[in-house]
Amino acid sequence: MSYLSTQPISHARKVCSLYKQAIRTLQAHYEFFDRYEFRYQAVLMRARFDENKDEKDLRRAKKLLLDGQRELLLKSHPQPIKFPTSPGGVAYQRTSPPPDWLLDVWHPFEKAQYPEYFALREIRKKEFIERWEKEYGLSDTEVTH
């Protein structure tokens, strides 16, 4: 679950995220009908953010951020633009990654093109097997022999 946040997010990062979401919302509203109007609105949006970029009072900065998030929620588009391979997009996780065992059936000539990778891979496989046997014991086939 690498998408879960494990550290607090700074105020500056929240503001950058709000700006990006605001621009994407403007894009959803204007891009397909009038590209020039979208650019004009994007410049105005940037000016609104730049007015308060040097705000020293943290309480006022926090209030501005919350007001901006509220305004974004109120003006959100009913069908926001989503990139195809991003979460919520039409092609998100459409293809599953190939299984790890496929690398084991590569021809030796193919493996010879990446000697460091496959050497390290063999070491990691041995470590994994040792850790498995330490935790769960030997497999049934090894016990009977």
# chains A, B, ... in the order shown; residues from 1 in each chain; ligands from 1
>>> select_by_dssp(residues="range 27-142 of chain A", states="alpha helix (DSSP H)", output="ChimeraX atom specification")
/A:27-30,35-51,58-74,108-111,115-136,140-142
>>> residues_around(residues="range 119-125 of chain A", least_positions_apart="6", cutoff="10 Å", atoms="only C-alpha atoms", output="MDAnalysis selection string")
chainID A and resid 103:104 111 131
>>> write_last_selection(atoms="N, CA, C and O atoms", output="PDB file, in the first residue's frame")
ATOM      1  N   LEU A 103      10.757 -14.900 -14.985  1.00  0.00           N
ATOM      2  CA  LEU A 103      12.193 -14.665 -15.112  1.00  0.00           C
ATOM      3  C   LEU A 103      12.993 -15.956 -14.932  1.00  0.00           C
ATOM      4  O   LEU A 103      14.116 -16.065 -15.421  1.00  0.00           O
ATOM      5  N   ASP A 104      12.421 -16.933 -14.239  1.00  0.00           N
ATOM      6  CA  ASP A 104      13.128 -18.201 -14.033  1.00  0.00           C
ATOM      7  C   ASP A 104      13.193 -19.045 -15.306  1.00  0.00           C
ATOM      8  O   ASP A 104      14.068 -19.895 -15.432  1.00  0.00           O
ATOM      9  N   LYS A 111      19.488 -14.325 -19.961  1.00  0.00           N
ATOM     10  CA  LYS A 111      19.961 -13.959 -18.629  1.00  0.00           C
ATOM     11  C   LYS A 111      21.370 -13.380 -18.679  1.00  0.00           C
ATOM     12  O   LYS A 111      21.724 -12.536 -17.845  1.00  0.00           O
ATOM     13  N   ARG A 131      14.767 -18.115   4.804  1.00  0.00           N
ATOM     14  CA  ARG A 131      13.844 -17.476   5.740  1.00  0.00           C
ATOM     15  C   ARG A 131      12.541 -18.275   5.836  1.00  0.00           C
ATOM     16  O   ARG A 131      11.976 -18.446   6.925  1.00  0.00           O
TER      17      ARG A 131
END
>>> atom_distance(atom1="CA of Thr25 in chain A", atom2="CA of Arg39 in chain A")
12.5 Å
>>> closest_residue(among="A:Asp67, A:Tyr19, A:Tyr117, A:Gln27", to="Arg46 in chain A", atoms="only C-alpha atoms")
A:Tyr19
